[in-house]
Amino acid sequence: MEKLVDNLYEKLANVEDARACKDISPEACREVPGNFTKTLFSQFLTKLGDAFANPKVVLPALMSMAGAPFYLIGFLVPIRESGSLIPQLLIANFVRKMAIRKTAWVLGSVIQALCMFAIALSLFYLTGELAGWSVITLLVMFSLARGLCSVASKDVTGKTIPKPRRGRLSGLAASMAGGITLVAGIILYIKGQSAEAGSDVLFYALFIGLGGILWLMAALLFSQVREEPGETDGGKNGFLHALEKLSLLKTDKNFRHFVLTRPLLLCTALSAPYYVILSGEYQSVALALGVFVITSGLAGLLSGPFWGLFADNSSRQVMIAAALIAATLGISVNAVALWLPELMASIWLLPLGYFILTIAHEGVRIGRKTYLVNMATGNQRTDYVSVSNTCIGVVLLLIGFGSALSGFSALNLIFALSVLGVLGAVMAYVLPEVER
């Protein structure tokens with residue numbers, strides 16, 4: 001069995017020596033093939049779950065079908081992302097006291113699964129504002145659990161996976177999930193063409209419920225990762241300790257620059273729902289849902305391995321390239337709407353734009369995760385992740401809610417977020433390399 005796992009790892013990670021390690025202990029090195037494979041398939045399952053309950057595509061479309069208010073749909077991405085980020089200073093203090101930290105990831109994944117089941121039931125039984133607020137409330141709980149996974153996963157990855165393989169791990173998981181998501185999108189597209197698609201709530205509720213099952217499967221698999229006990233530092237007040245860690249923003253120049261850069265890269269996440277909303281102005285919501293899920297899956301399938309390999313070479317350059325792609329796209333869509341408005345009704349234009357945006361978002365996500373993991377070691381990694389994510393969560397909430405409540409059109413919001421992307425690329429250009 002061990003030989004089989006080694007061979008699988010060598011093929012997946014594209015290495016000749018399954019036991020070649022860097023930046024991890026000799027004990028952890030012996031477990032790399034098995035841990036890489038288990039972590040890879042756990043990430044695959046959670047990414048697939050994300051696709052089945054995507055707050056940028058699936059949830060906006062289903063909330064629209066349920067008659068939820070427009071401003072609540074605009075809250076989805078900010079709440080889902082910031083809810084998992086803002087509490088991470090306090091969450092990190094809890095995780096830091098655990099010598100074995102995979103347990104925190106498993107717990108968070110189970111909670112996310114339960115929330116998905118509850119969201120599916122809400123969209124099946126409720127309508128209008130009540131359905132909207134139910135989804136928002138459950139999404140807050142989901143996001144808090146996601147924050148627990150976020151802190152734990154980066155730390156476990158840093159302890160169990162060698163430095164030159166971390167970007168590839170994320171890239172492979174994204175690509176594998178993209179392939180299955182593509183199939184799911186085709187099913188949704190076929191369903192969207194049927195006359196009763198808009199009223200078949202049970203079908204779409206089951207689609208989200210399947211996402212919950214995937215999170216449970218991921219929790220079971222990740223619990224099998226062999227993790228060596230790590231550093232702990234207990235005995236401190238959680239809130240005071242969290243405030244102490246904010247001093248990193250003052251004392252660590254490179255980390256501070258990274259934290260200032262991250263909010264500007266939010267353009268890829270925050271603009272995504274507005275492409276879906278914009279498309280819904282020209283086509284049926286049910287039909288558009290299938291097309292956007294297809295393009296999302298195809299983008300992940302094609303771009304994941306590329307960004308992963310690129311990030312192992314230079315995660316900084318990945319962030320620059322991805323931000324520029326998203327910014328150029330948003331500006332181009334606005335130009336088409338201004339000078340060639342008849343093309344906006346084309347069935348391919350906005351889905352193609354979303355395809356490109358998803359490629360860019362995959363790059364931003366893989367680039368900044370790899371950069372953060374590689375720039376720190378030991379408990380410093382947990383502190384970097386928690387401080388960075390908490391700060392970004394606050395900014396994300398402000399930008400996201402400001403966008404949703406601004407009264408601007410989807411087109412104007414896409415343009416404004418594209419300008420942020422240009423600034424993000426400029427800021428990332430000044431960051432130092434961490435893979436050298």
# chains A, B, ... in the order shown; residues from 1 in each chain; ligands from 1
>>> residues_around(residues="A:Pro229", least_positions_apart="6", cutoff="10 Å", atoms="only C-alpha atoms", output="PyMOL selection string")
chain A and resi 98-101+159
>>> closest_residue(among="A:Leu85, A:Val225, A:Val364, A:Val58", to="A:Val291", atoms="only C-alpha atoms")
A:Val58
>>> residues_around(residues="stretch 243-250 of chain A", least_positions_apart="4", cutoff="7 Å", atoms="only C-alpha atoms", output="PDB file with N, CA and C atoms, in the first residue's frame")
ATOM      1  N   PHE A 239      -8.264  37.321  23.662  1.00  0.00           N
ATOM      2  CA  PHE A 239      -8.453  38.617  23.021  1.00  0.00           C
ATOM      3  C   PHE A 239      -7.196  39.479  23.127  1.00  0.00           C
ATOM      4  N   PHE A 255       5.311  41.720   5.649  1.00  0.00           N
ATOM      5  CA  PHE A 255       3.964  41.254   5.975  1.00  0.00           C
ATOM      6  C   PHE A 255       2.959  42.399   5.865  1.00  0.00           C
ATOM      7  N   ARG A 256       3.327  43.573   6.343  1.00  0.00           N
ATOM      8  CA  ARG A 256       2.434  44.736   6.248  1.00  0.00           C
ATOM      9  C   ARG A 256       2.100  45.055   4.788  1.00  0.00           C
ATOM     10  N   ASP A 383       0.083  33.048  12.992  1.00  0.00           N
ATOM     11  CA  ASP A 383      -0.112  34.470  13.276  1.00  0.00           C
ATOM     12  C   ASP A 383      -0.294  35.274  11.984  1.00  0.00           C
ATOM     13  N   VAL A 387      -3.826  37.259  11.410  1.00  0.00           N
ATOM     14  CA  VAL A 387      -3.798  38.724  11.338  1.00  0.00           C
ATOM     15  C   VAL A 387      -4.200  39.191   9.948  1.00  0.00           C
TER      16      VAL A 387
END
>>> residues_around(residues="A:Gly179", least_positions_apart="2", cutoff="8 Å", atoms="only C-alpha atoms", output="ChimeraX atom specification")
/A:175-177,181-183,297-298,300-301
>>> write_last_selection(atoms="C-alpha atoms", output="CSV table (one decimal), in the first residue's frame")
chain,number,residue,atom,x,y,z
A,175,SER,CA,-8.3,21.4,-11.5
A,176,MET,CA,-9.9,18.1,-10.3
A,177,ALA,CA,-12.8,19.9,-8.8
A,181,THR,CA,-18.0,21.1,-11.7
A,182,LEU,CA,-18.1,21.2,-15.5
A,183,VAL,CA,-20.3,18.1,-15.5
A,297,GLY,CA,-15.8,24.4,-13.8
A,298,LEU,CA,-13.9,24.7,-17.1
A,300,GLY,CA,-10.8,25.6,-12.7
A,301,LEU,CA,-10.0,22.5,-14.7
>>> select_by_dssp(residues="stretch 35-131 of chain A", states="helix (DSSP H, G or I)", output="MDAnalysis selection string")
chainID A and resid 35:52 58:65 70:85 88:96 102:125 128:131
>>> residues_around(residues="stretch 322-339 of chain A", least_positions_apart="5", cutoff="6 Å", atoms="only C-alpha atoms", output="PyMOL selection string")
chain A and resi 357+360+363-364+414-415+418+421-422+425
>>> write_last_selection(atoms="C-alpha atoms", output="PDB file, in the first residue's frame")
ATOM      1  CA  LEU A 357     -12.666  36.074 -14.288  1.00  0.00           C
ATOM      2  CA  ALA A 360      -8.026  35.182 -12.629  1.00  0.00           C
ATOM      3  CA  GLY A 363      -4.690  32.696  -9.748  1.00  0.00           C
ATOM      4  CA  VAL A 364      -5.226  35.293  -7.019  1.00  0.00           C
ATOM      5  CA  ILE A 414     -17.527  45.833 -12.078  1.00  0.00           C
ATOM      6  CA  PHE A 415     -15.613  48.872 -13.375  1.00  0.00           C
ATOM      7  CA  SER A 418     -11.418  46.544 -11.850  1.00  0.00           C
ATOM      8  CA  GLY A 421      -7.336  45.223  -9.453  1.00  0.00           C
ATOM      9  CA  VAL A 422      -4.906  47.498 -11.296  1.00  0.00           C
ATOM     10  CA  ALA A 425      -1.104  44.450  -9.372  1.00  0.00           C
TER      11      ALA A 425
END
>>> closest_residue(among="A:Val394, A:Ile347, A:Leu265, A:Leu40", to="A:Glu362", atoms="only C-alpha atoms")
A:Leu265
>>> closest_residue(among="A:Gly34, A:Gly49, A:Pro263, A:Gly178", to="A:Met217", atoms="only C-alpha atoms")
A:Gly49
>>> residues_around(residues="A:Leu139", least_positions_apart="4", cutoff="10 Å", atoms="only C-alpha atoms", output="PDB file with C-alpha atoms, in the first residue's frame")
ATOM      1  CA  PRO A  55     -22.039  32.337  -3.363  1.00  0.00           C
ATOM      2  CA  LEU A  76     -23.546  36.922  -0.116  1.00  0.00           C
ATOM      3  CA  VAL A  77     -19.876  37.201  -1.068  1.00  0.00           C
ATOM      4  CA  ILE A  79     -20.546  37.724   4.380  1.00  0.00           C
ATOM      5  CA  ARG A  80     -19.234  34.395   3.158  1.00  0.00           C
ATOM      6  CA  GLU A  81     -15.679  35.708   2.886  1.00  0.00           C
ATOM      7  CA  GLY A  83     -17.338  35.962   8.170  1.00  0.00           C
ATOM      8  CA  SER A  84     -14.535  33.439   7.809  1.00  0.00           C
ATOM      9  CA  GLN A 112     -20.049  23.733   7.006  1.00  0.00           C
ATOM     10  CA  CYS A 115     -25.070  24.684   7.279  1.00  0.00           C
ATOM     11  CA  MET A 116     -25.375  23.615   3.646  1.00  0.00           C
ATOM     12  CA  ALA A 118     -29.972  23.919   6.402  1.00  0.00           C
ATOM     13  CA  ILE A 119     -29.596  26.360   3.473  1.00  0.00           C
ATOM     14  CA  TRP A 133     -32.420  36.333   5.641  1.00  0.00           C
ATOM     15  CA  SER A 134     -32.399  32.622   6.502  1.00  0.00           C
ATOM     16  CA  VAL A 135     -29.673  31.999   3.928  1.00  0.00           C
ATOM     17  CA  SER A 143     -18.277  31.351   7.265  1.00  0.00           C
ATOM     18  CA  LEU A 144     -17.200  31.127  10.898  1.00  0.00           C
ATOM     19  CA  ALA A 145     -16.592  27.404  10.435  1.00  0.00           C
TER      20      ALA A 145
END
>>> closest_residue(among="A:Tyr71, A:Tyr429, A:Phe306, A:Trp348", to="A:Gly171", atoms="only C-alpha atoms")
A:Phe306
>>> closest_residue(among="A:Leu266, A:Gly353, A:Pro341, A:Gly74", to="A:Leu420", atoms="only C-alpha atoms")
A:Leu266
